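The data block below is work_15.txt; it holds compact mmCIF, N, CA and C atoms.
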```txt
# COMPACT_ATOMS: atom_id res chain seq x y z
N MET A 913 0.83 -1.18 0.00
CA MET A 913 0.00 0.00 0.00
C MET A 913 0.88 1.25 0.00
N SER A 914 2.06 1.12 -0.57
CA SER A 914 2.96 2.26 -0.65
C SER A 914 2.53 3.21 -1.77
N HIS A 915 2.99 4.45 -1.68
CA HIS A 915 2.73 5.47 -2.70
C HIS A 915 1.24 5.66 -2.97
N ASN A 916 0.43 5.76 -1.93
CA ASN A 916 -1.01 5.93 -2.10
C ASN A 916 -1.56 7.18 -1.42
N SER A 917 -0.70 8.06 -0.94
CA SER A 917 -1.12 9.30 -0.28
C SER A 917 -2.03 9.02 0.92
N LEU A 918 -1.80 7.91 1.62
CA LEU A 918 -2.58 7.60 2.82
C LEU A 918 -2.21 8.59 3.91
N THR A 919 -3.20 9.02 4.68
CA THR A 919 -2.96 9.99 5.75
C THR A 919 -3.45 9.43 7.08
N GLY A 920 -3.08 10.12 8.15
CA GLY A 920 -3.52 9.73 9.48
C GLY A 920 -2.58 8.72 10.10
N PRO A 921 -2.98 8.20 11.26
CA PRO A 921 -2.12 7.23 11.94
C PRO A 921 -2.20 5.84 11.31
N ILE A 922 -1.20 5.03 11.58
CA ILE A 922 -1.23 3.62 11.17
C ILE A 922 -2.25 2.93 12.08
N PRO A 923 -3.23 2.26 11.52
CA PRO A 923 -4.25 1.62 12.36
C PRO A 923 -3.65 0.53 13.24
N SER A 924 -3.94 0.58 14.52
CA SER A 924 -3.43 -0.44 15.44
C SER A 924 -4.05 -1.80 15.15
N GLN A 925 -5.21 -1.80 14.45
CA GLN A 925 -5.88 -3.05 14.12
C GLN A 925 -5.05 -3.91 13.18
N LEU A 926 -4.05 -3.34 12.51
CA LEU A 926 -3.17 -4.15 11.66
C LEU A 926 -2.45 -5.21 12.51
N GLY A 927 -2.30 -4.94 13.79
CA GLY A 927 -1.67 -5.90 14.70
C GLY A 927 -2.47 -7.17 14.88
N ARG A 928 -3.73 -7.17 14.46
CA ARG A 928 -4.57 -8.37 14.56
C ARG A 928 -4.37 -9.31 13.38
N LEU A 929 -3.68 -8.85 12.35
CA LEU A 929 -3.46 -9.68 11.16
C LEU A 929 -2.23 -10.55 11.40
N LYS A 930 -2.40 -11.54 12.24
CA LYS A 930 -1.29 -12.34 12.76
C LYS A 930 -0.51 -13.11 11.69
N GLN A 931 -1.12 -13.39 10.54
CA GLN A 931 -0.44 -14.15 9.49
C GLN A 931 0.24 -13.25 8.45
N MET A 932 0.17 -11.93 8.62
CA MET A 932 0.74 -11.02 7.64
C MET A 932 2.26 -11.21 7.56
N GLU A 933 2.77 -11.33 6.33
CA GLU A 933 4.19 -11.57 6.12
C GLU A 933 4.93 -10.34 5.64
N ALA A 934 4.24 -9.38 5.02
CA ALA A 934 4.89 -8.18 4.49
C ALA A 934 3.96 -7.00 4.68
N LEU A 935 4.54 -5.86 5.05
CA LEU A 935 3.77 -4.63 5.22
C LEU A 935 4.61 -3.48 4.66
N ASP A 936 4.14 -2.90 3.57
CA ASP A 936 4.83 -1.77 2.95
C ASP A 936 3.89 -0.59 2.91
N LEU A 937 4.11 0.36 3.81
CA LEU A 937 3.32 1.59 3.88
C LEU A 937 4.19 2.79 3.53
N SER A 938 5.25 2.56 2.81
CA SER A 938 6.22 3.62 2.52
C SER A 938 5.66 4.68 1.58
N SER A 939 6.26 5.86 1.65
CA SER A 939 5.96 6.99 0.77
C SER A 939 4.48 7.35 0.77
N ASN A 940 3.94 7.54 1.96
CA ASN A 940 2.58 8.03 2.15
C ASN A 940 2.67 9.29 3.01
N GLU A 941 1.57 9.66 3.64
CA GLU A 941 1.54 10.82 4.53
C GLU A 941 1.11 10.38 5.93
N LEU A 942 1.46 9.15 6.31
CA LEU A 942 1.06 8.62 7.61
C LEU A 942 1.76 9.38 8.73
N SER A 943 1.04 9.59 9.83
CA SER A 943 1.59 10.37 10.93
C SER A 943 1.32 9.66 12.25
N GLY A 944 1.89 10.20 13.32
CA GLY A 944 1.70 9.61 14.64
C GLY A 944 2.78 8.60 14.96
N VAL A 945 2.50 7.80 15.96
CA VAL A 945 3.48 6.81 16.42
C VAL A 945 3.24 5.47 15.73
N ILE A 946 4.25 4.63 15.76
CA ILE A 946 4.11 3.26 15.27
C ILE A 946 3.33 2.48 16.33
N PRO A 947 2.20 1.87 15.96
CA PRO A 947 1.39 1.16 16.96
C PRO A 947 2.18 0.07 17.67
N GLN A 948 1.95 -0.06 18.96
CA GLN A 948 2.63 -1.07 19.78
C GLN A 948 2.22 -2.48 19.39
N GLU A 949 1.13 -2.62 18.61
CA GLU A 949 0.66 -3.94 18.20
C GLU A 949 1.49 -4.54 17.06
N LEU A 950 2.15 -3.70 16.26
CA LEU A 950 2.90 -4.22 15.10
C LEU A 950 4.05 -5.15 15.46
N PRO A 951 4.82 -4.90 16.52
CA PRO A 951 5.91 -5.83 16.84
C PRO A 951 5.44 -7.23 17.20
N SER A 952 4.16 -7.41 17.46
CA SER A 952 3.66 -8.75 17.81
C SER A 952 3.36 -9.60 16.58
N LEU A 953 3.55 -9.04 15.37
CA LEU A 953 3.31 -9.81 14.15
C LEU A 953 4.51 -10.71 13.88
N ASP A 954 4.44 -11.95 14.36
CA ASP A 954 5.57 -12.86 14.31
C ASP A 954 5.97 -13.29 12.91
N PHE A 955 5.04 -13.30 11.96
CA PHE A 955 5.34 -13.75 10.61
C PHE A 955 5.82 -12.61 9.71
N LEU A 956 5.84 -11.41 10.24
CA LEU A 956 6.22 -10.25 9.44
C LEU A 956 7.70 -10.31 9.09
N GLY A 957 7.98 -10.60 7.83
CA GLY A 957 9.36 -10.72 7.37
C GLY A 957 9.86 -9.48 6.66
N MET A 958 8.95 -8.62 6.20
CA MET A 958 9.33 -7.40 5.49
C MET A 958 8.46 -6.26 6.02
N LEU A 959 9.11 -5.19 6.44
CA LEU A 959 8.42 -4.00 6.93
C LEU A 959 9.07 -2.79 6.30
N ASN A 960 8.25 -1.91 5.73
CA ASN A 960 8.77 -0.66 5.19
C ASN A 960 7.81 0.47 5.56
N LEU A 961 8.23 1.29 6.49
CA LEU A 961 7.45 2.44 6.94
C LEU A 961 8.15 3.75 6.53
N SER A 962 9.10 3.66 5.63
CA SER A 962 9.93 4.81 5.28
C SER A 962 9.13 5.91 4.58
N TYR A 963 9.63 7.12 4.71
CA TYR A 963 9.12 8.31 4.04
C TYR A 963 7.64 8.57 4.32
N ASN A 964 7.36 8.72 5.60
CA ASN A 964 6.07 9.16 6.09
C ASN A 964 6.33 10.30 7.06
N ARG A 965 5.42 10.54 7.98
CA ARG A 965 5.59 11.59 8.99
C ARG A 965 5.45 10.99 10.39
N LEU A 966 6.02 9.80 10.55
CA LEU A 966 5.91 9.10 11.83
C LEU A 966 6.81 9.76 12.87
N GLU A 967 6.44 9.60 14.12
CA GLU A 967 7.19 10.24 15.20
C GLU A 967 7.25 9.33 16.42
N GLY A 968 8.11 9.69 17.34
CA GLY A 968 8.24 8.94 18.58
C GLY A 968 9.27 7.83 18.47
N LYS A 969 9.24 7.00 19.48
CA LYS A 969 10.21 5.91 19.58
C LYS A 969 9.72 4.68 18.81
N ILE A 970 10.63 4.07 18.07
CA ILE A 970 10.32 2.81 17.38
C ILE A 970 10.10 1.76 18.46
N PRO A 971 9.00 1.01 18.40
CA PRO A 971 8.73 0.00 19.44
C PRO A 971 9.90 -0.98 19.57
N GLU A 972 10.24 -1.25 20.82
CA GLU A 972 11.34 -2.18 21.09
C GLU A 972 10.81 -3.60 21.18
N SER A 973 11.36 -4.44 20.34
CA SER A 973 11.05 -5.86 20.41
C SER A 973 12.14 -6.60 19.67
N LEU A 974 12.31 -7.84 20.02
CA LEU A 974 13.31 -8.67 19.34
C LEU A 974 13.00 -8.74 17.85
N HIS A 975 11.73 -8.86 17.54
CA HIS A 975 11.30 -8.97 16.14
C HIS A 975 11.60 -7.68 15.37
N PHE A 976 11.28 -6.52 15.93
CA PHE A 976 11.50 -5.24 15.25
C PHE A 976 12.98 -4.92 15.11
N SER A 977 13.80 -5.45 15.98
CA SER A 977 15.24 -5.18 15.90
C SER A 977 15.88 -5.84 14.68
N LEU A 978 15.18 -6.79 14.05
CA LEU A 978 15.70 -7.47 12.87
C LEU A 978 15.52 -6.67 11.59
N PHE A 979 14.65 -5.65 11.61
CA PHE A 979 14.41 -4.85 10.41
C PHE A 979 15.52 -3.83 10.23
N ALA A 980 15.87 -3.59 8.97
CA ALA A 980 16.97 -2.68 8.64
C ALA A 980 16.59 -1.23 8.91
N ASN A 981 17.61 -0.42 9.03
CA ASN A 981 17.47 1.02 9.18
C ASN A 981 16.59 1.60 8.07
N SER A 982 16.71 1.05 6.87
CA SER A 982 15.97 1.57 5.71
C SER A 982 14.45 1.43 5.86
N SER A 983 13.99 0.57 6.76
CA SER A 983 12.55 0.40 6.98
C SER A 983 11.92 1.63 7.61
N PHE A 984 12.74 2.51 8.18
CA PHE A 984 12.22 3.65 8.93
C PHE A 984 12.74 5.00 8.43
N LEU A 985 13.52 5.02 7.35
CA LEU A 985 14.12 6.25 6.85
C LEU A 985 13.06 7.27 6.45
N GLY A 986 13.44 8.55 6.46
CA GLY A 986 12.55 9.61 5.99
C GLY A 986 11.47 10.00 6.97
N ASN A 987 11.54 9.51 8.18
CA ASN A 987 10.63 9.91 9.26
C ASN A 987 11.49 10.66 10.28
N ASP A 988 11.64 11.96 10.07
CA ASP A 988 12.60 12.74 10.85
C ASP A 988 12.33 12.75 12.34
N ALA A 989 11.09 12.52 12.75
CA ALA A 989 10.77 12.56 14.17
C ALA A 989 10.79 11.19 14.83
N LEU A 990 11.20 10.14 14.09
CA LEU A 990 11.35 8.81 14.69
C LEU A 990 12.72 8.68 15.33
N CYS A 991 12.81 7.88 16.36
CA CYS A 991 14.10 7.66 17.02
C CYS A 991 14.14 6.25 17.60
N GLY A 992 15.33 5.85 18.00
CA GLY A 992 15.53 4.55 18.62
C GLY A 992 16.01 3.52 17.61
N PRO A 993 16.53 2.40 18.13
CA PRO A 993 17.06 1.37 17.26
C PRO A 993 15.98 0.86 16.31
N PRO A 994 16.33 0.56 15.08
CA PRO A 994 17.65 0.45 14.48
C PRO A 994 18.23 1.77 13.96
N LEU A 995 17.50 2.89 14.11
CA LEU A 995 18.04 4.18 13.67
C LEU A 995 19.18 4.60 14.58
N SER A 996 20.10 5.38 14.05
CA SER A 996 21.21 5.86 14.87
C SER A 996 20.78 7.02 15.77
N LYS A 997 19.64 7.61 15.49
CA LYS A 997 19.12 8.73 16.29
C LYS A 997 18.52 8.18 17.58
N GLY A 998 19.12 8.58 18.70
CA GLY A 998 18.61 8.13 19.99
C GLY A 998 17.42 8.95 20.44
N CYS A 999 16.70 8.42 21.40
CA CYS A 999 15.54 9.12 21.96
C CYS A 999 15.93 9.66 23.33
N SER A 1000 16.23 10.93 23.39
CA SER A 1000 16.59 11.52 24.68
C SER A 1000 15.45 12.37 25.20
N ASN A 1001 14.98 12.00 26.37
CA ASN A 1001 13.93 12.75 27.06
C ASN A 1001 12.69 12.96 26.18
N MET A 1002 12.36 11.99 25.37
CA MET A 1002 11.16 12.12 24.53
C MET A 1002 9.97 11.55 25.26
N THR A 1003 8.88 12.26 25.18
CA THR A 1003 7.63 11.74 25.70
C THR A 1003 6.75 11.40 24.50
N LEU A 1004 6.13 10.26 24.59
CA LEU A 1004 5.26 9.86 23.50
C LEU A 1004 3.99 10.69 23.54
N PRO A 1005 3.49 11.11 22.37
CA PRO A 1005 2.24 11.87 22.36
C PRO A 1005 1.09 11.01 22.87
N ASN A 1006 0.17 11.66 23.55
CA ASN A 1006 -1.00 10.94 24.04
C ASN A 1006 -1.89 10.57 22.86
N VAL A 1007 -2.25 9.31 22.79
CA VAL A 1007 -3.14 8.86 21.74
C VAL A 1007 -4.52 8.72 22.35
N ILE A 1008 -5.43 9.56 21.88
CA ILE A 1008 -6.79 9.56 22.41
C ILE A 1008 -7.70 8.89 21.40
N PRO A 1009 -8.30 7.75 21.77
CA PRO A 1009 -9.18 7.09 20.82
C PRO A 1009 -10.39 7.97 20.50
N SER A 1010 -10.83 7.93 19.28
CA SER A 1010 -11.99 8.71 18.88
C SER A 1010 -12.73 7.99 17.78
N GLU A 1011 -13.91 8.51 17.45
CA GLU A 1011 -14.68 7.92 16.36
C GLU A 1011 -13.96 8.11 15.04
N LYS A 1012 -13.25 9.21 14.89
CA LYS A 1012 -12.54 9.49 13.64
C LYS A 1012 -11.52 8.39 13.35
N LYS A 1013 -10.90 7.83 14.39
CA LYS A 1013 -9.91 6.78 14.19
C LYS A 1013 -10.53 5.55 13.53
N SER A 1014 -11.73 5.16 13.94
CA SER A 1014 -12.38 4.00 13.33
C SER A 1014 -12.76 4.30 11.89
N VAL A 1015 -13.13 5.54 11.60
CA VAL A 1015 -13.43 5.93 10.22
C VAL A 1015 -12.16 5.86 9.39
N ASP A 1016 -11.04 6.32 9.94
CA ASP A 1016 -9.76 6.26 9.24
C ASP A 1016 -9.38 4.82 8.92
N VAL A 1017 -9.60 3.93 9.86
CA VAL A 1017 -9.27 2.51 9.67
C VAL A 1017 -10.10 1.94 8.53
N MET A 1018 -11.38 2.23 8.54
CA MET A 1018 -12.26 1.72 7.50
C MET A 1018 -11.85 2.27 6.13
N LEU A 1019 -11.56 3.57 6.07
CA LEU A 1019 -11.14 4.19 4.82
C LEU A 1019 -9.84 3.56 4.33
N PHE A 1020 -8.92 3.33 5.23
CA PHE A 1020 -7.63 2.72 4.92
C PHE A 1020 -7.83 1.33 4.33
N LEU A 1021 -8.65 0.51 4.98
CA LEU A 1021 -8.86 -0.86 4.52
C LEU A 1021 -9.65 -0.90 3.22
N PHE A 1022 -10.71 -0.08 3.10
CA PHE A 1022 -11.49 -0.07 1.88
C PHE A 1022 -10.69 0.44 0.70
N SER A 1023 -9.78 1.37 0.93
CA SER A 1023 -8.92 1.86 -0.15
C SER A 1023 -8.06 0.72 -0.68
N GLY A 1024 -7.47 -0.03 0.21
CA GLY A 1024 -6.63 -1.16 -0.19
C GLY A 1024 -7.43 -2.23 -0.91
N ILE A 1025 -8.60 -2.55 -0.40
CA ILE A 1025 -9.44 -3.56 -1.04
C ILE A 1025 -9.89 -3.07 -2.41
N GLY A 1026 -10.27 -1.80 -2.51
CA GLY A 1026 -10.72 -1.25 -3.79
C GLY A 1026 -9.61 -1.27 -4.82
N PHE A 1027 -8.41 -0.90 -4.41
CA PHE A 1027 -7.28 -0.92 -5.33
C PHE A 1027 -7.02 -2.34 -5.82
N GLY A 1028 -7.02 -3.31 -4.92
CA GLY A 1028 -6.78 -4.70 -5.28
C GLY A 1028 -7.84 -5.25 -6.22
N LEU A 1029 -9.11 -4.94 -5.93
CA LEU A 1029 -10.20 -5.40 -6.78
C LEU A 1029 -10.13 -4.76 -8.16
N GLY A 1030 -9.85 -3.48 -8.22
CA GLY A 1030 -9.72 -2.79 -9.50
C GLY A 1030 -8.61 -3.39 -10.34
N PHE A 1031 -7.50 -3.69 -9.71
CA PHE A 1031 -6.36 -4.29 -10.41
C PHE A 1031 -6.74 -5.68 -10.94
N ALA A 1032 -7.41 -6.47 -10.11
CA ALA A 1032 -7.81 -7.81 -10.53
C ALA A 1032 -8.79 -7.76 -11.70
N ILE A 1033 -9.73 -6.84 -11.66
CA ILE A 1033 -10.70 -6.71 -12.74
C ILE A 1033 -10.01 -6.29 -14.03
N ALA A 1034 -9.03 -5.39 -13.92
CA ALA A 1034 -8.29 -4.95 -15.10
C ALA A 1034 -7.52 -6.11 -15.73
N ILE A 1035 -6.91 -6.94 -14.90
CA ILE A 1035 -6.16 -8.10 -15.42
C ILE A 1035 -7.10 -9.09 -16.08
N VAL A 1036 -8.21 -9.40 -15.44
CA VAL A 1036 -9.18 -10.34 -16.01
C VAL A 1036 -9.73 -9.77 -17.31
N GLY A 1037 -10.02 -8.49 -17.34
CA GLY A 1037 -10.54 -7.86 -18.55
C GLY A 1037 -9.55 -7.87 -19.68
N ALA A 1038 -8.29 -7.66 -19.38
CA ALA A 1038 -7.26 -7.61 -20.42
C ALA A 1038 -6.91 -9.00 -20.95
N TRP A 1039 -6.85 -9.99 -20.08
CA TRP A 1039 -6.39 -11.31 -20.50
C TRP A 1039 -7.50 -12.35 -20.54
N GLY A 1040 -8.57 -12.08 -19.86
CA GLY A 1040 -9.61 -13.10 -19.75
C GLY A 1040 -10.59 -13.12 -20.90
N ILE A 1041 -10.75 -12.03 -21.61
CA ILE A 1041 -11.72 -11.98 -22.71
C ILE A 1041 -11.01 -12.36 -24.00
N PRO A 1042 -11.39 -13.46 -24.60
CA PRO A 1042 -10.70 -13.86 -25.84
C PRO A 1042 -11.06 -12.91 -26.98
N ILE A 1043 -10.09 -12.66 -27.83
CA ILE A 1043 -10.30 -11.82 -28.99
C ILE A 1043 -10.96 -12.68 -30.06
N ARG A 1044 -12.11 -12.22 -30.53
CA ARG A 1044 -12.85 -13.00 -31.52
C ARG A 1044 -12.26 -12.75 -32.90
N ARG A 1045 -11.96 -13.81 -33.58
CA ARG A 1045 -11.46 -13.72 -34.95
C ARG A 1045 -12.55 -14.23 -35.88
N ARG A 1046 -12.62 -13.62 -37.02
CA ARG A 1046 -13.59 -14.07 -38.00
C ARG A 1046 -13.09 -15.36 -38.64
N SER A 1047 -13.99 -16.27 -38.80
CA SER A 1047 -13.62 -17.52 -39.47
C SER A 1047 -13.43 -17.25 -40.95
N PRO A 1048 -12.57 -18.03 -41.66
CA PRO A 1048 -12.35 -17.82 -43.11
C PRO A 1048 -13.64 -17.86 -43.91
N ALA A 1049 -14.59 -18.74 -43.56
CA ALA A 1049 -15.85 -18.84 -44.28
C ALA A 1049 -16.66 -17.56 -44.12
N ARG A 1050 -16.63 -16.98 -42.92
CA ARG A 1050 -17.38 -15.77 -42.66
C ARG A 1050 -16.77 -14.58 -43.38
N GLN A 1051 -15.44 -14.55 -43.47
CA GLN A 1051 -14.79 -13.46 -44.18
C GLN A 1051 -15.12 -13.49 -45.65
N ARG A 1052 -15.22 -14.68 -46.27
CA ARG A 1052 -15.56 -14.79 -47.69
C ARG A 1052 -16.98 -14.34 -47.95
N ALA A 1053 -17.88 -14.54 -46.98
CA ALA A 1053 -19.27 -14.16 -47.16
C ALA A 1053 -19.42 -12.65 -47.18
N LEU A 1054 -18.50 -11.95 -46.52
CA LEU A 1054 -18.58 -10.49 -46.47
C LEU A 1054 -17.98 -9.96 -47.71
```
As C-alpha cells:
Amino acid sequence: MSHNSLTGPIPSQLGRLKQMEALDLSSNELSGVIPQELPSLDFLGMLNLSYNRLEGKIPESLHFSLFANSSFLGNDALCGPPLSKGCSNMTLPNVIPSEKKSVDVMLFLFSGIGFGLGFAIAIVGAWGIPIRRRSPARQRAL
C-alpha cells in the first residue's frame, strides 16, 4: 500500500493480522506513532514504513530489531534502534481514541481492497476476454 497518499495514523488493528508476512506503507503521509501492536506480528518478514511523517520511539522488540534502518528512513521525528538517532527525554504523544480513528481505519482498509479489486478486474478484462477472430468462411461471405 505504498505510494497511495494515505494519511492519518497507522491503524493499530493491523496488529490483529497475525499471518501477515509483508507490510509496505512507505511513501505516504502517515503520521503519529508506530502502533505497539505491530511488533507482535511474528510472521512479518518485510516491513517498510519509510518516508512518512511518523514520530516517537520505534517500538522495542526482538522482532522489530531485525528490520533494517531503511525500513524507517525519511521519518525525521522517529528515534531509537535500528536508527542511529537516539531518543533523549522524549515523551510519547497521548493517543486519544476517537470515532474518527475508526473511520480512518475503514477508509484505509477499503482503499486497499478497492485498489486490489480494480487491479484484478483490469487483469481479467485484459487477459480473460478472448479476442474473436472471423472464421475464413465468414470473411468470404462479407
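One distance worth recording is that between atom CA of Leu961 of chain A and atom N of Ser914 of chain A, which is 9.3 Å.
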**Request:** Taking the chain letters and numbering used in this document, name the residues of segment 917-1049 of chain A that DSSP puts in helix (DSSP H, G or I), as an MDAnalysis selection string.
**Result:** chainID A and resid 924:928 950:952 976:978 981:983 1011:1040 1048:1049
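Take the candidates A:Gln948, A:Ser1000, A:Ser943, A:Ser962 and check each one against Leu918 of chain A using only N, CA and C atoms; the shortest distance goes to A:Ser943.
In this model, the gap between atom C of Gly944 of chain A and atom N of Pro923 of chain A comes to 9.4 Å.
The spacing separating atom CA of Pro993 of chain A from atom CA of Met913 of chain A amounts to 24.3 Å.
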Show me, as AutoDock Vina command-line options, the centre and edge lengths in Å to one decimal of the axis-aligned box that covers every listed atom of segment 946-962 of chain A with 4 Å on each side.
```
--center_x 5.3 --center_y -3.9 --center_z 12.2 --size_x 17.3 --size_y 27.7 --size_z 23.2
```
**Request:** Could you tell me which of A:Val945, A:Ile1033, A:Ala989, A:Leu953 comes closest to Met932 of chain A if we count all atoms listed in the file?
**Result:** A:Leu953
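The nearest approach to Asn960 of chain A among the residues A:Leu985, A:Leu942, A:Leu926, A:Leu937, with all atoms listed in the file taken into account, belongs to A:Leu937.
If you count only C-alpha atoms and ignore residues fewer than 5 places along the chain from Asn964 of chain A, what sits within 8 Å of it is A:Ser938, A:Ser939, A:Asn940, A:Glu941, A:Leu942, A:Ser943, A:Gly986, A:Asn987.
Using only C-alpha atoms, the shortest contact distance between Tyr963 of chain A and any of A:Ser1023, A:Ser982, A:Ser996, A:Gln925 is found at A:Ser982.
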**Given only N, CA and C atoms as the counted atoms, nearest of A:Leu990, A:Leu950, A:Leu929, A:Leu956 to Ile970 of chain A** = A:Leu990
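Those residues of segment 921-1039 of chain A that DSSP, working from the backbone, places in strand (DSSP E or B) are A:Ala934, A:Leu935, A:Asp936, A:Glu941, A:Leu942, A:Ser943, A:Gly944, A:Met958, A:Leu959, A:Asn960, A:Arg965, A:Leu966, A:Glu967, A:Gly968, A:Lys969, A:Ala989, A:Leu990, A:Cys991.
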**Prompt:** Could you name the residues that touch Gly957 of chain A at 10 Å or less, counting only C-alpha atoms, but leaving out those on the same chain fewer than 5 positions away, as number ranges by chain?
**Reply:** A: 932-935, 975-976, 978-979
